Structure formats: structure tokens, C-alpha cells
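Here the structure comes first, spelled out in C-alpha cells, and everything after it is commentary.
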Amino acid sequence: MSNIIIVGGGVAGMIAAITAANNGNKVTILEKNSELGKKILITGNGRCNFTNEYMKGDCYSSSLNNNDEVSRHITREFADVVLDRFNNKDFIKVLSNLGMSYYVREGYYYPKTDEARTFRDTLVSEVNRLGIEVVYNFNLRSIERNEDGFILSNKEQEYTGDKVIIAAGGNAAPKTGSSGDCYYYLEKLGHNIFKAKPALTSLKADYPDDLQGINALANISIRINGKTPETDDTALKTNATTIKTEKGFIKYYKGMLSGIPIYQLSMEAIPALELGGKVEIVADFVTDSNIEAALKLQGTTLKEALYKSINPKIVDVILKGHNIAPDTLTNNMNAAEREHIIELFSSVNYEIIGFGGFENAQATLGGVDIREINPQTMESNICKGLYFAGEIIDIVGRCGGYNIQWAASTGVIAGISV
Ligand SMILES: Cc1cc2nc3c(=O)[nH]c(=O)nc-3n(C[C@H](O)[C@H](O)[C@H](O)COP(=O)(O)OP(=O)(O)OC[C@H]3O[C@@H](n4cnc5c(N)ncnc54)[C@H](O)[C@@H]3O)c2cc1C
């Protein structure tokens, strides 16, 4: 029996603890907050989308992805090794064995109660049932390695362990406890830490005030048109190349564009912006052919026709921006004019001038360099006996349950390996 200390009681820490305890170890969780799994409660808009039907390494990125295809391959391969060891089906089985019911919508998995609390409480009650010690309000301030193992301290109390799992999260949503403070201690133990950047977050754009507060369905793509001599990223060197498309609602909120498709595209946008690239979000509001039918109807106005498919505020702003009278009768429009209207609504550009901070981000890009972790065990290659789980690792998944799955997969592997 080993004495295992886990830093952080989020998804990764709790699942690592449950796994290590089930394997006969004495386990202690050191948690900064006065409760476990605080972040879980705000996931998935309070519903916690904990995994996804489609689960592959290509759904994950790391800081290495800014470089070249070889580095992108390293990230995918690392994530695939982890998912081969513990994937979405394994996770669902574990939760089912703990008695939690779930439902699936368009491939996204949620607790059947539609409450993130159910997922959190399922893990917390298992931690308690297994008699795992939890030290609350413990803010780790140092880790030392000696011949016998590790000494972890908050400058008032000390805990010693044969092996340690760091599951302290990244920098996203710091009010939930994950404020990135563990990076420093890991650097002191010899690890390379990639600078933390917000991931899955809103993008700042200049748009008319009339749009504040609305949601509009669109096919959304990103264009990156920057010149960055330090990088050989082909996307950045390509002239105005559309590199990704997502379908969903854009939310116009406080000068930002947000919503799931924007969060997904922020993964491409933020590194490009930081490298000085010009980033544009292009919205295609013509998501089906009904708009053409509406424009062909006789005896209706242009705005009435467009309102049937597109958010009226978007319609008003775009028509006004192009000096087109909203009350133009569709009878008076010829085929070329109708086509012109469709074109206008198919390609609306927003130049991106910034992005949301960690307070608004769902995840962190950056953290412990994956080249220094063995994906079969999650053990450090630099410091034996030290393991990692969850968002502390420089891996970030797409929106859609990929980050909680990551926390669970790496937590289980670390919990087995210790
Ligand atoms: C608003 C929002 C919505 C999200 N929605 C989803 C979703 O629907 N699906 C999905 O897959 N992902 C979602 N995510 C991402 C997902 O929640 C995280 O990636 C995941 O929970 C990370 O788990 P973790 O255990 O690695 O880290 P965390 O949950 O951040 O846990 C780390 C723990 O470590 C503790 N800690 C930190 N530093 C110290 C220290 N020095 N000493 C002691 N303890 C410390 C913290 O208090 C915290 O409890 C969302 C995130 C946010 C912010």
C-alpha cells in the first residue's frame, strides 16, 4: 500500500483518488476550496456535458500545435494513447456503476437530471464512501522531493507522500480555485511549463450596439491573414484562407462574440492574434434554402422575407449598412438582386480585436509540456513519483465534453499507475 497525495479535488483529482483508493492505496486530497468539484457546477451551463460520442485525439490541441505538423502529430498521438487506455465508453461505465443516469443529445452526454450537481455529487459521495481523506482549505505553497518521497506544504501544515498526483487544474475560471499557482512549483521541480492562455472563450469584435444581447444561427468560419516570420504555420502564411467552419448560434454579448462555435474557433484565433495575425470571423446567415423561397414570394417586403430565416436585428443592421430599403417589395426584385441579397447575408465579416480573459474561458491552453509526461502512466519523465491529471497538462479539448473526459481519462491512468 502506498501513501498517495493528490493536489486538487476537481474531476481529475477525485477520479484519480477513487481509482488509487480502489487499488488499495491510502489517499489524501489536498484542496484549496472548502468543497470538492466547485468548477463542475458551472460546466455545460449548469448541466455538465461530461463526454461525447465522438472521442479521438484529433479533438485535442496543445501549445505545440502552433509549430508544425510533426508537433501536431505529437499532440494527437499523446491524446490517443490516453484515450486508448480510458475512453468515453469506459467513463460512462464507471458513472453507471456508481449509479448515475445520463442522457445523450446529438452525441453530447449529460446527467439525466440535467444538473451538473448530480455529476459532482456522484464523485464526491464515492470519495466519501471510500474513506478518502480530504484536507479542505489547503493552498499548496511548496513541493519538495527527498529520498523517501514528497513533502507538500501550505506553510502551516505538511503532508508526506510516496507519490503525488498534481490535479490542480489550469487558469480558467480562477474563481473556482484553479488559478495556475501550481505551475511555479512544477517549474521548480524541473518541468517545462508552456505559458497559460485562455482557451474556449469569447472573441472581441466591433459590431453595432443594436446587436447586443441577440443570438443568431449561422455557419461560422475563421480567416487568418497574418504575417508571422517566426512561425512556419501554413495557415498564418496563407492569404485570407478560411480554415475552419462551425455551425451554431453566435451570441452577441457586451462587445464580444460568444457561443459554442465561437469558443471552438477561439482555439485557432487566439494563437494567431498573439502572433500578430489578422483574424476575422465570417458568418453565413443563409443556413438553408428557405430564404430563397421567401424572396421569390410575391407581395411581400424584403425585410418580411428575411425575418423568416434570420434574426430580425441582424437583418435590420445589414440592410441599413448597405443602404437597402427594408420595405422594398420582392415583386420588384430581379434574380440578380435576389442573389445579391443572399450573398450579403452569406458573408458577414467581423474583425477580431481581442479575446476574453481567463474569467470567461472554459479551459486553458498551456501547462505541463506533454513531451515530459509518459501518456501510458501520466508519470513525469523529469521527476519520478510525480504524476499529472486534468487541465494542468498542456492539452485542451474542443467544447462538447472533451475536457471533462480528459480529466477523467488522465485521472484514471494516474490513479492506476501510482
Ligand atoms: C464555465 C465552464 C464551462 C465548462 N463546461 C464544460 C463542459 O460542459 N464539458 C467539459 O468537458 N468541460 C467543460 N469545462 C472545462 C472543464 O470543466 C475542465 O476542463 C475540467 O473540469 C478540469 O478539471 P480538473 O480537475 O483538471 O481541474 P479543476 O476542476 O480546475 O480542479 C482543480 C482543483 O485544484 C484546486 N487547486 C488549485 N490550485 C491549488 C493549490 N495550490 N492547492 C490546493 N488545491 C488547488 C482547485 O481549487 C480545484 O478544485 C468548462 C469550464 C468552464 C469554466
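Identifiers for the C-alpha cells are assigned positionally: chains receive A, B, ... in sequence, residues are indexed from 1 per chain, and ligands are indexed from 1 in the order shown.
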**Q.** Test item: residues lying within 7 Å of ligand 1 with only C-alpha atoms and all ligand atoms, as a ChimeraX atom specification
**A.** /A:7-13,30-33,36-40,42-45,48-51,138-141,167-170,172-173,176-182,361-363,389-392,399-405,407
**Q.** Shell of 8 Å around A:Ser309, only C-alpha atoms, local chain residues under 5 positions omitted, as JSON, numbers by chain
**A.** {"A": [286, 290, 291]}
Generate the output file for the selected residues, C-alpha atoms, as an mmCIF file, in the first residue's frame.
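Writing done, so here's selection_31.cif:
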data_model
loop_
_atom_site.group_PDB
_atom_site.id
_atom_site.type_symbol
_atom_site.label_atom_id
_atom_site.label_comp_id
_atom_site.auth_asym_id
_atom_site.auth_seq_id
_atom_site.Cartn_x
_atom_site.Cartn_y
_atom_site.Cartn_z
ATOM 1 C CA VAL A 286 -28.116 31.696 -45.009
ATOM 2 C CA ASN A 290 -35.941 28.632 -47.425
ATOM 3 C CA ILE A 291 -34.656 32.173 -47.678
#
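Here the question is which of A:Trp406, A:Tyr103, A:Phe249, A:Phe358 gets nearest to A:Ala79 using only C-alpha atoms, and that residue is A:Trp406.
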(Q) Show me, as a PyMOL selection string, the residues that have an atom within 10 Å of A:Ile193 when counting only C-alpha atoms, minus same-chain residues fewer than 5 positions from it. (A) chain A and resi 183-184+186-187+366-370+372+392-394
Q: Mind checking which residues fall within 8 Å of stretch 83-99 of chain A, counting only C-alpha atoms, ignoring those fewer than 6 positions away in the same chain, and posting them as a PyMOL selection string?
A: chain A and resi 51-53+55-57+122+126+376+405+408-409+412-413
**Q.** Near-A:Ala218 list (7 Å; only C-alpha atoms; drop same-chain fewer than 5 positions) as a PyMOL selection string
**A.** chain A and resi 247-249+283-285+287
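Nearest to A:Met14 of all the residues A:Leu200, A:Ala272, A:Val315, A:Ala414 is A:Ala414, based on only C-alpha atoms.
You can rank A:Arg47, A:Lys313, A:Arg76, A:Lys384 by their closest distance to A:Ile165 using only C-alpha atoms, and at the top of that list sits A:Lys384.
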**Q.** Members of stretch 286-341 of chain A assigned alpha helix (DSSP H) by DSSP, as a ChimeraX atom specification
**A.** /A:290-296,302-307,312-321,335-341
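Across the model, the gap from atom CA of A:Arg105 to atom CA of A:Pro312 is 28.4 Å.
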(Q) Set the distance at 10 Å and use only C-alpha atoms: which residues neighbour A:Lys26 once local chain neighbours fewer than 3 positions away are removed? I'd like the list as JSON, numbers by chain. (A) {"A": [1, 2, 3, 4, 5, 17, 20, 21, 22, 23, 131, 132, 133, 161]}
Which residues of stretch 173-226 of chain A come within 8 Å of stretch 255-265 of chain A, and what is each one's closest atom pair and distance in Å (one decimal), counting only C-alpha atoms, sorted by chain and residue number, as CSV?
residue,atom,partner,partner_atom,distance
A:Ala199,CA,A:Tyr263,CA,7.5
A:Leu200,CA,A:Tyr263,CA,4.2
A:Thr201,CA,A:Tyr263,CA,4.9
A:Ser202,CA,A:Ser258,CA,4.5
A:Leu203,CA,A:Leu257,CA,5.2
A:Lys204,CA,A:Met256,CA,4.3
A:Ala205,CA,A:Met256,CA,5.8
A:Asp206,CA,A:Gly255,CA,6.6
A:Tyr207,CA,A:Gly255,CA,7.1
A:Gln212,CA,A:Gly255,CA,7.2
A:Ile220,CA,A:Pro261,CA,7.1
A:Ser221,CA,A:Leu265,CA,7.6
A:Ile222,CA,A:Leu265,CA,6.8
Q) Per DSSP on the backbone, what are the strand (DSSP E or B) residues of stretch 91-320 of chain A, as a PyMOL selection string? A) chain A and resi 102-105+108-111+133-135+142-145+150-153+158-161+163-166+193-199+203-205+215-224+241-253+256-258+279-284+301
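Going from atom CA of A:Val396 over to atom CA of A:Gly190, you cover 22.4 Å.
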Q: Give the answer as one residue: which of A:Ser63, A:Ser347, A:Thr377, A:Thr19 has the shortest atom-to-atom distance to A:Leu123, using only C-alpha atoms?
A: A:Thr19
